[in-house]
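Structure file coords.txt with compact mmCIF, C-alpha atoms:
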# COMPACT_ATOMS: atom_id res chain seq x y z
CA MET X 27 -38.26 25.10 2.42
CA SER X 28 -40.70 22.20 2.29
CA GLY X 29 -44.25 22.93 3.35
CA GLY X 30 -44.35 19.58 5.20
CA GLY X 31 -43.42 19.16 8.83
CA LEU X 32 -44.00 17.31 12.04
CA ALA X 33 -47.77 17.58 11.95
CA GLY X 34 -50.69 15.27 12.71
CA ASP X 35 -49.73 11.60 12.99
CA THR X 36 -46.17 12.27 11.81
CA ARG X 37 -45.26 14.42 14.84
CA LEU X 38 -42.44 13.05 16.97
CA PRO X 39 -43.43 12.46 20.59
CA GLU X 40 -41.89 14.92 23.05
CA LYS X 41 -39.56 12.28 24.45
CA GLY X 42 -38.29 11.63 20.94
CA LEU X 43 -37.23 15.21 20.25
CA GLY X 44 -34.03 14.91 22.27
CA LEU X 45 -33.14 11.70 20.47
CA ALA X 46 -33.87 13.33 17.11
CA LEU X 47 -31.44 16.14 17.92
CA GLU X 48 -28.78 13.62 18.98
CA ILE X 49 -29.26 11.76 15.71
CA LEU X 50 -28.93 14.95 13.68
CA GLU X 51 -25.72 15.79 15.56
CA GLN X 52 -24.23 12.37 14.86
CA VAL X 53 -25.06 12.61 11.15
CA ALA X 54 -23.55 16.11 11.02
CA ARG X 55 -20.29 14.76 12.47
CA ASP X 56 -19.91 12.11 9.74
CA ASP X 57 -19.66 13.63 6.25
CA ARG X 58 -19.45 10.13 4.71
CA GLY X 59 -23.01 9.31 5.72
CA ALA X 60 -23.67 7.52 8.98
CA SER X 61 -25.64 4.25 8.89
CA ALA X 62 -28.58 3.68 11.20
CA ALA X 63 -26.61 1.02 13.08
CA GLU X 64 -23.71 3.45 13.62
CA ILE X 65 -26.10 6.13 14.81
CA ALA X 66 -27.76 3.72 17.25
CA ARG X 67 -24.39 2.78 18.74
CA ALA X 68 -23.32 6.42 19.00
CA VAL X 69 -26.48 7.64 20.77
CA GLY X 70 -26.90 4.51 22.89
CA ALA X 71 -30.54 3.97 21.94
CA PRO X 72 -32.32 0.78 20.78
CA ARG X 73 -31.86 0.23 17.08
CA ALA X 74 -35.61 -0.07 16.44
CA THR X 75 -36.22 3.29 18.13
CA VAL X 76 -33.45 4.95 16.13
CA TYR X 77 -34.82 3.51 12.88
CA ARG X 78 -38.25 4.98 13.70
CA VAL X 79 -36.86 8.45 14.42
CA VAL X 80 -34.52 8.37 11.41
CA ASN X 81 -37.42 7.46 9.10
CA SER X 82 -39.41 10.38 10.53
CA LEU X 83 -36.49 12.76 9.94
CA VAL X 84 -36.10 11.49 6.38
CA ARG X 85 -39.82 11.93 5.74
CA ASP X 86 -39.64 15.55 6.88
CA GLU X 87 -36.42 16.26 4.91
CA TYR X 88 -34.17 16.76 7.92
CA LEU X 89 -32.17 13.75 6.74
CA VAL X 90 -31.67 12.21 3.32
CA ARG X 91 -30.56 8.71 2.37
CA ARG X 92 -27.31 8.32 0.45
CA ALA X 93 -27.78 7.26 -3.15
CA ASP X 94 -26.33 3.82 -2.36
CA PHE X 95 -28.53 3.49 0.78
CA SER X 96 -25.42 2.96 2.93
CA GLY X 97 -26.20 5.80 5.32
CA PHE X 98 -27.80 9.17 5.94
CA LEU X 99 -26.77 12.79 5.33
CA LEU X 100 -28.24 16.08 6.49
CA GLY X 101 -31.30 17.03 4.48
CA THR X 102 -32.43 20.26 2.87
CA ARG X 103 -34.31 21.58 5.90
CA VAL X 104 -31.25 21.41 8.14
CA LEU X 105 -29.06 22.99 5.46
CA GLU X 106 -31.55 25.79 4.95
CA LEU X 107 -31.64 26.48 8.69
CA ALA X 108 -27.83 26.49 8.81
CA ALA X 109 -27.71 28.99 5.94
CA ILE X 110 -30.13 31.31 7.72
CA VAL X 111 -28.16 31.18 10.96
CA GLY X 112 -24.87 31.58 9.10
CA ALA X 113 -26.12 34.69 7.32
CA ARG X 114 -27.12 36.24 10.64
CA THR X 115 -23.89 35.36 12.40
CA ARG X 116 -21.40 36.20 9.67
CA PRO X 117 -18.12 36.84 11.48
CA ALA X 118 -16.56 40.29 11.28
CA HIS X 119 -13.44 38.93 9.58
CA ALA X 120 -15.33 37.30 6.69
CA ALA X 121 -15.33 40.31 4.33
CA VAL X 122 -11.57 40.89 4.76
CA VAL X 123 -10.68 37.25 4.17
CA GLU X 124 -13.03 36.87 1.19
CA ARG X 125 -11.64 40.02 -0.41
CA LEU X 126 -8.11 38.66 -0.03
CA ARG X 127 -9.10 35.36 -1.64
CA THR X 128 -10.60 37.21 -4.59
CA GLU X 129 -7.62 39.55 -4.92
CA THR X 130 -4.94 36.83 -4.83
CA GLY X 131 -6.80 33.94 -6.45
CA GLU X 132 -5.06 31.62 -3.96
CA ALA X 133 -6.11 29.59 -0.92
CA VAL X 134 -6.32 31.92 2.09
CA HIS X 135 -6.87 30.68 5.65
CA LEU X 136 -7.22 32.51 8.96
CA PHE X 137 -5.81 31.22 12.26
CA ALA X 138 -5.70 32.34 15.87
CA PHE X 139 -2.99 31.31 18.33
CA HIS X 140 -3.55 29.93 21.81
CA ARG X 141 -1.07 28.66 24.36
CA SER X 142 -1.27 25.04 23.29
CA GLY X 143 -1.49 25.39 19.52
CA LEU X 144 -3.62 26.77 16.70
CA LEU X 145 -7.29 27.49 16.10
CA VAL X 146 -8.62 27.48 12.52
CA LEU X 147 -10.94 30.49 12.33
CA ASP X 148 -11.69 30.51 8.61
CA GLU X 149 -10.68 27.70 6.24
CA ASP X 150 -10.94 28.39 2.52
CA ALA X 151 -13.86 26.16 1.52
CA ALA X 152 -12.95 26.30 -2.16
CA GLN X 153 -9.33 25.28 -1.48
CA PRO X 154 -9.30 23.55 1.93
CA LEU X 155 -6.27 22.77 4.07
CA SER X 156 -4.31 19.97 2.42
CA ASP X 157 -3.48 18.02 5.59
CA PRO X 158 -5.05 19.62 8.69
CA ASP X 159 -4.11 16.72 10.97
CA VAL X 160 -0.40 17.12 10.30
CA LEU X 161 -0.63 20.91 10.26
CA LEU X 162 -2.20 20.95 13.74
CA ALA X 163 0.16 18.30 15.13
CA ASP X 164 3.64 19.39 14.01
CA PRO X 165 4.65 23.08 14.11
CA THR X 166 7.74 22.44 11.97
CA ARG X 167 5.72 21.32 8.93
CA SER X 168 3.78 24.52 8.14
CA ALA X 169 4.29 28.24 7.78
CA ILE X 170 1.61 28.85 10.41
CA GLY X 171 3.37 26.43 12.78
CA HIS X 172 6.63 28.32 12.21
CA LEU X 173 4.89 31.54 13.09
CA TRP X 174 3.45 30.02 16.28
CA LEU X 175 7.00 29.02 17.28
CA VAL X 176 8.12 32.60 16.70
CA ALA X 177 5.26 33.88 18.87
CA HIS X 178 5.90 31.31 21.64
CA PRO X 179 9.69 30.88 21.76
CA ASP X 180 9.70 29.30 25.23
CA ARG X 181 6.73 26.94 24.90
CA ARG X 182 7.57 23.31 24.33
CA LEU X 183 5.86 19.99 24.92
CA PRO X 184 4.09 19.22 27.20
CA GLN X 185 3.31 22.91 27.73
CA ALA X 186 1.72 22.97 24.27
CA PRO X 187 -0.26 19.70 24.25
CA SER X 188 -1.97 20.29 20.90
CA TRP X 189 1.39 19.75 19.20
CA ARG X 190 2.26 16.05 19.06
CA THR X 191 5.73 16.76 17.65
CA ASP X 192 8.24 18.95 19.45
CA ALA X 193 10.52 21.27 17.50
CA ALA X 194 14.28 20.81 17.73
CA PRO X 195 16.12 23.88 19.11
CA GLY X 196 18.16 24.18 15.93
CA ASP X 197 15.01 24.25 13.80
CA VAL X 198 13.42 26.90 16.01
CA ARG X 199 16.54 29.04 15.80
CA ALA X 200 16.56 28.82 11.99
CA ILE X 201 12.86 29.71 11.85
CA HIS X 202 13.44 32.78 14.02
CA GLU X 203 16.36 33.90 11.85
CA ALA X 204 14.36 33.54 8.63
CA TYR X 205 11.41 35.40 10.15
CA ALA X 206 13.69 38.23 11.31
CA VAL X 207 14.76 38.75 7.70
CA ARG X 208 11.39 38.40 5.98
CA GLY X 209 8.82 39.43 8.58
CA TYR X 210 6.71 36.42 7.63
CA THR X 211 7.19 32.64 7.53
CA GLU X 212 7.28 30.27 4.61
CA GLN X 213 7.21 26.54 3.98
CA VAL X 214 7.76 24.67 0.74
CA ALA X 215 6.65 21.05 0.18
CA LEU X 216 6.64 20.20 3.90
CA LEU X 217 2.94 19.28 4.07
CA ARG X 218 2.44 18.31 0.43
CA SER X 219 5.11 17.83 -2.21
CA ASP X 220 3.24 20.12 -4.63
CA ARG X 221 2.26 22.99 -2.28
CA GLY X 222 3.85 25.86 -0.38
CA CYS X 223 2.57 28.49 2.03
CA LEU X 224 3.24 31.95 3.47
CA ALA X 225 2.03 33.13 6.90
CA VAL X 226 1.82 36.78 7.94
CA PRO X 227 1.27 37.55 11.63
CA ILE X 228 -1.66 39.41 13.14
CA HIS X 229 -0.62 41.49 16.15
CA ASP X 230 -2.57 42.72 19.15
CA ASP X 231 -2.26 46.16 20.73
CA ALA X 232 0.88 45.02 22.57
CA ALA X 233 2.49 43.98 19.27
CA ARG X 234 2.26 40.28 20.17
CA PRO X 235 1.48 37.80 17.33
CA VAL X 236 -1.97 36.43 18.17
CA GLY X 237 -2.85 34.82 14.86
CA ALA X 238 -2.06 34.81 11.18
CA VAL X 239 -3.44 34.98 7.71
CA THR X 240 -1.91 32.40 5.38
CA LEU X 241 -1.71 31.98 1.65
CA SER X 242 -1.22 28.53 0.13
CA THR X 243 -0.28 27.99 -3.50
CA SER X 244 1.13 25.43 -5.90
CA LEU X 245 4.83 24.69 -5.72
CA SER X 246 5.39 26.25 -9.13
CA ARG X 247 3.95 29.55 -7.87
CA VAL X 248 5.67 29.79 -4.49
CA SER X 249 8.53 31.83 -5.94
CA ILE X 250 6.11 34.56 -7.05
CA ALA X 251 3.72 34.35 -4.09
CA ALA X 252 5.73 37.03 -2.26
CA ARG X 253 4.02 39.63 -4.45
CA HIS X 254 0.94 39.09 -2.26
CA VAL X 255 2.75 39.80 1.02
CA GLY X 256 1.65 43.46 0.95
CA ALA X 257 -2.00 42.42 0.60
CA LEU X 258 -1.57 39.85 3.37
CA ARG X 259 -0.10 42.51 5.67
CA ASP X 260 -2.95 44.91 4.90
CA ALA X 261 -5.42 42.15 5.74
CA ALA X 262 -3.51 41.31 8.94
CA ARG X 263 -3.81 44.93 10.10
CA ALA X 264 -7.55 44.89 9.35
CA LEU X 265 -7.91 41.60 11.23
CA ALA X 266 -6.07 42.76 14.35
CA PRO X 267 -9.25 42.56 16.53
CA ILE X 268 -8.98 38.74 16.55
CA GLY X 269 -6.45 39.34 19.33
CA ALA X 270 -9.41 39.12 21.69
CA LEU X 271 -9.68 35.41 20.78
CA SER X 272 -6.12 34.65 21.75
CA ASP X 273 -5.51 32.83 25.05
CA TRP X 274 -2.28 34.24 26.40

For this file, write the structure as structure tokens.
Amino acid sequence: MSGGGLAGDTRLPEKGLGLALEILEQVARDDRGASAAEIARAVGAPRATVYRVVNSLVRDEYLVRRADFSGFLLGTRVLELAAIVGARTRPAHAAVVERLRTETGEAVHLFAFHRSGLLVLDEDAAQPLSDPDVLLADPTRSAIGHLWLVAHPDRRLPQAPSWRTDAAPGDVRAIHEAYAVRGYTEQVALLRSDRGCLAVPIHDDAARPVGAVTLSTSLSRVSIAARHVGALRDAARALAPIGALSDW
């Protein structure tokens, strides 16, 4: 970490600390690199004041300018702090999910269910979700959405407001029938034409599905992905404590 800091004449005034934190939050929300003008509009502060605080944050390595000078990104000091906090707050499920990723060599994601939709607990950073907006909007387009429909057979819009697309009764019936045979759900080329996915449920003590571990792979490998179902089920049993996060 840099030996510099907010010392001497470079120290932000007390009244500027709150604004500095707001600015850091706005930059963190925009992974493209927020411009100073965009930051000023977002925080509702005078542009000249925002420029002054941004320049101070850049000087002390809390922010960094994009190479093309079009905006600002989080700097090394923020990233180092985040790494320290992350190491101290490593979730209990992390070791199980990471082991599964290593064992299968495929994209593995962890979800929890709530009454209105899905919560992404652990997205595979190396192989992220291909279309999270669609996945979280339409339960018929993903294996995890199919599994949510199995777990909540009577919940429809507007009872489940996170879903923007309702599932037709015939589709739900077919999903239930396929799940009854396999014990897991599957989708092929519904989110992306070149990808498929399996979802294995995580049950609570009352045997209710409260989440799922999913495995996504290329379309050419979907037919052999079932060989990982045993590992997915072992992981699901180890991950059963996430039931406490479910909002039934």

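In this comparison, which uses all atoms listed in the file, the residue of X:Pro72, X:Pro187, X:Gly97, X:Gly209 approaching Gln52 in chain X most closely is X:Gly97.
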
Show me the residues close to (-25.7, 4.6, 10.0) - anything with an atom within 10 Å, counting all atoms listed in the file - and format the list as a PyMOL selection string.
chain X and resi 49+52-53+56+58-68+76-77+80+91+95-99

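Separating CA of Ala71 in chain X from CA of Gly44 in chain X is a distance of 11.5 Å.
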
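Considering all atoms listed in the file, the residue among X:Ala238, X:Cys223, X:Glu132, X:Ser249 positioned nearest to Asp148 in chain X is X:Ala238.
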
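Atom to atom, CA of Phe137 in chain X and CA of Ile170 in chain X stand 8.0 Å apart.
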
Interatomic distance (Å, one decimal) between CA of Gly237 in chain X and CA of His254 in chain X:
18.0 Å

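Excluding Arg221 in chain X and any residue on its chain fewer than 4 positions from it, the residues at most 9 Å away by only C-alpha atoms are X:Ser156, X:Gln213, X:Val214, X:Ala215, X:Leu216, X:Leu217, X:Ser242, X:Thr243, X:Ser244, X:Leu245, X:Ser246, X:Arg247, X:Val248.
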
Can you tell me, as an mmCIF file with C-alpha atoms, in the frame of the given file, what residues are no more than 7 Å from Ser142 in chain X when counting only C-alpha atoms, ignoring any on the same chain fewer than 4 positions away?
data_model
loop_
_atom_site.group_PDB
_atom_site.id
_atom_site.type_symbol
_atom_site.label_atom_id
_atom_site.label_comp_id
_atom_site.auth_asym_id
_atom_site.auth_seq_id
_atom_site.Cartn_x
_atom_site.Cartn_y
_atom_site.Cartn_z
ATOM 1 C CA GLN X 185 3.310 22.910 27.730
ATOM 2 C CA ALA X 186 1.720 22.970 24.270
ATOM 3 C CA PRO X 187 -0.260 19.700 24.250
ATOM 4 C CA SER X 188 -1.970 20.290 20.900
#

Residues near Trp174 in chain X, anyone? I mean within 12 Å using only C-alpha atoms, not counting same-chain ones fewer than 4 positions away, as a ChimeraX atom specification.
/X:137-145,161-162,164-170,178-182,186,189,193,198,201-202,205,210-211,225-228,234-238,272

Now that the selection is made, can you save its residues with C-alpha atoms as a PDB file, in the frame of the given file?
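File part15.pdb, as written:
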ATOM      1  CA  PHE X 137      -5.810  31.220  12.260  1.00  0.00           C
ATOM      2  CA  ALA X 138      -5.700  32.340  15.870  1.00  0.00           C
ATOM      3  CA  PHE X 139      -2.990  31.310  18.330  1.00  0.00           C
ATOM      4  CA  HIS X 140      -3.550  29.930  21.810  1.00  0.00           C
ATOM      5  CA  ARG X 141      -1.070  28.660  24.360  1.00  0.00           C
ATOM      6  CA  SER X 142      -1.270  25.040  23.290  1.00  0.00           C
ATOM      7  CA  GLY X 143      -1.490  25.390  19.520  1.00  0.00           C
ATOM      8  CA  LEU X 144      -3.620  26.770  16.700  1.00  0.00           C
ATOM      9  CA  LEU X 145      -7.290  27.490  16.100  1.00  0.00           C
ATOM     10  CA  LEU X 161      -0.630  20.910  10.260  1.00  0.00           C
ATOM     11  CA  LEU X 162      -2.200  20.950  13.740  1.00  0.00           C
ATOM     12  CA  ASP X 164       3.640  19.390  14.010  1.00  0.00           C
ATOM     13  CA  PRO X 165       4.650  23.080  14.110  1.00  0.00           C
ATOM     14  CA  THR X 166       7.740  22.440  11.970  1.00  0.00           C
ATOM     15  CA  ARG X 167       5.720  21.320   8.930  1.00  0.00           C
ATOM     16  CA  SER X 168       3.780  24.520   8.140  1.00  0.00           C
ATOM     17  CA  ALA X 169       4.290  28.240   7.780  1.00  0.00           C
ATOM     18  CA  ILE X 170       1.610  28.850  10.410  1.00  0.00           C
ATOM     19  CA  HIS X 178       5.900  31.310  21.640  1.00  0.00           C
ATOM     20  CA  PRO X 179       9.690  30.880  21.760  1.00  0.00           C
ATOM     21  CA  ASP X 180       9.700  29.300  25.230  1.00  0.00           C
ATOM     22  CA  ARG X 181       6.730  26.940  24.900  1.00  0.00           C
ATOM     23  CA  ARG X 182       7.570  23.310  24.330  1.00  0.00           C
ATOM     24  CA  ALA X 186       1.720  22.970  24.270  1.00  0.00           C
ATOM     25  CA  TRP X 189       1.390  19.750  19.200  1.00  0.00           C
ATOM     26  CA  ALA X 193      10.520  21.270  17.500  1.00  0.00           C
ATOM     27  CA  VAL X 198      13.420  26.900  16.010  1.00  0.00           C
ATOM     28  CA  ILE X 201      12.860  29.710  11.850  1.00  0.00           C
ATOM     29  CA  HIS X 202      13.440  32.780  14.020  1.00  0.00           C
ATOM     30  CA  TYR X 205      11.410  35.400  10.150  1.00  0.00           C
ATOM     31  CA  TYR X 210       6.710  36.420   7.630  1.00  0.00           C
ATOM     32  CA  THR X 211       7.190  32.640   7.530  1.00  0.00           C
ATOM     33  CA  ALA X 225       2.030  33.130   6.900  1.00  0.00           C
ATOM     34  CA  VAL X 226       1.820  36.780   7.940  1.00  0.00           C
ATOM     35  CA  PRO X 227       1.270  37.550  11.630  1.00  0.00           C
ATOM     36  CA  ILE X 228      -1.660  39.410  13.140  1.00  0.00           C
ATOM     37  CA  ARG X 234       2.260  40.280  20.170  1.00  0.00           C
ATOM     38  CA  PRO X 235       1.480  37.800  17.330  1.00  0.00           C
ATOM     39  CA  VAL X 236      -1.970  36.430  18.170  1.00  0.00           C
ATOM     40  CA  GLY X 237      -2.850  34.820  14.860  1.00  0.00           C
ATOM     41  CA  ALA X 238      -2.060  34.810  11.180  1.00  0.00           C
ATOM     42  CA  SER X 272      -6.120  34.650  21.750  1.00  0.00           C
TER      43      SER X 272
END

Listed atoms of range 183-199 of chain X boxed along x, y and z, 8 Å each side, centre and edge lengths in Å, one decimal, as JSON:
{"center_x": 8.1, "center_y": 22.5, "center_z": 20.8, "size_x": 36.1, "size_y": 29.0, "size_z": 29.9}

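Considering the residues X:Leu50, X:Pro154, X:Gly131, X:Val69 and counting only C-alpha atoms, Val84 in chain X has its shortest atom-to-atom contact with X:Leu50.
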
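The shortest atom-to-atom distance to Ala204 in chain X, with all atoms listed in the file taken into account, belongs to X:Leu173 out of X:Ala108, X:Val90, X:Leu173, X:Val146.
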
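These residues, each with an atom at most 9 Å from (-5.6, 42.6, 10.9) using all atoms listed in the file, are His119, Val122, Pro227, Ile228, His229, Asp230, Ala238, Val239, Leu258, Arg259, Asp260, Ala261, Ala262, Arg263, Ala264, Leu265, Ala266, Pro267 and Ile268 of chain X.
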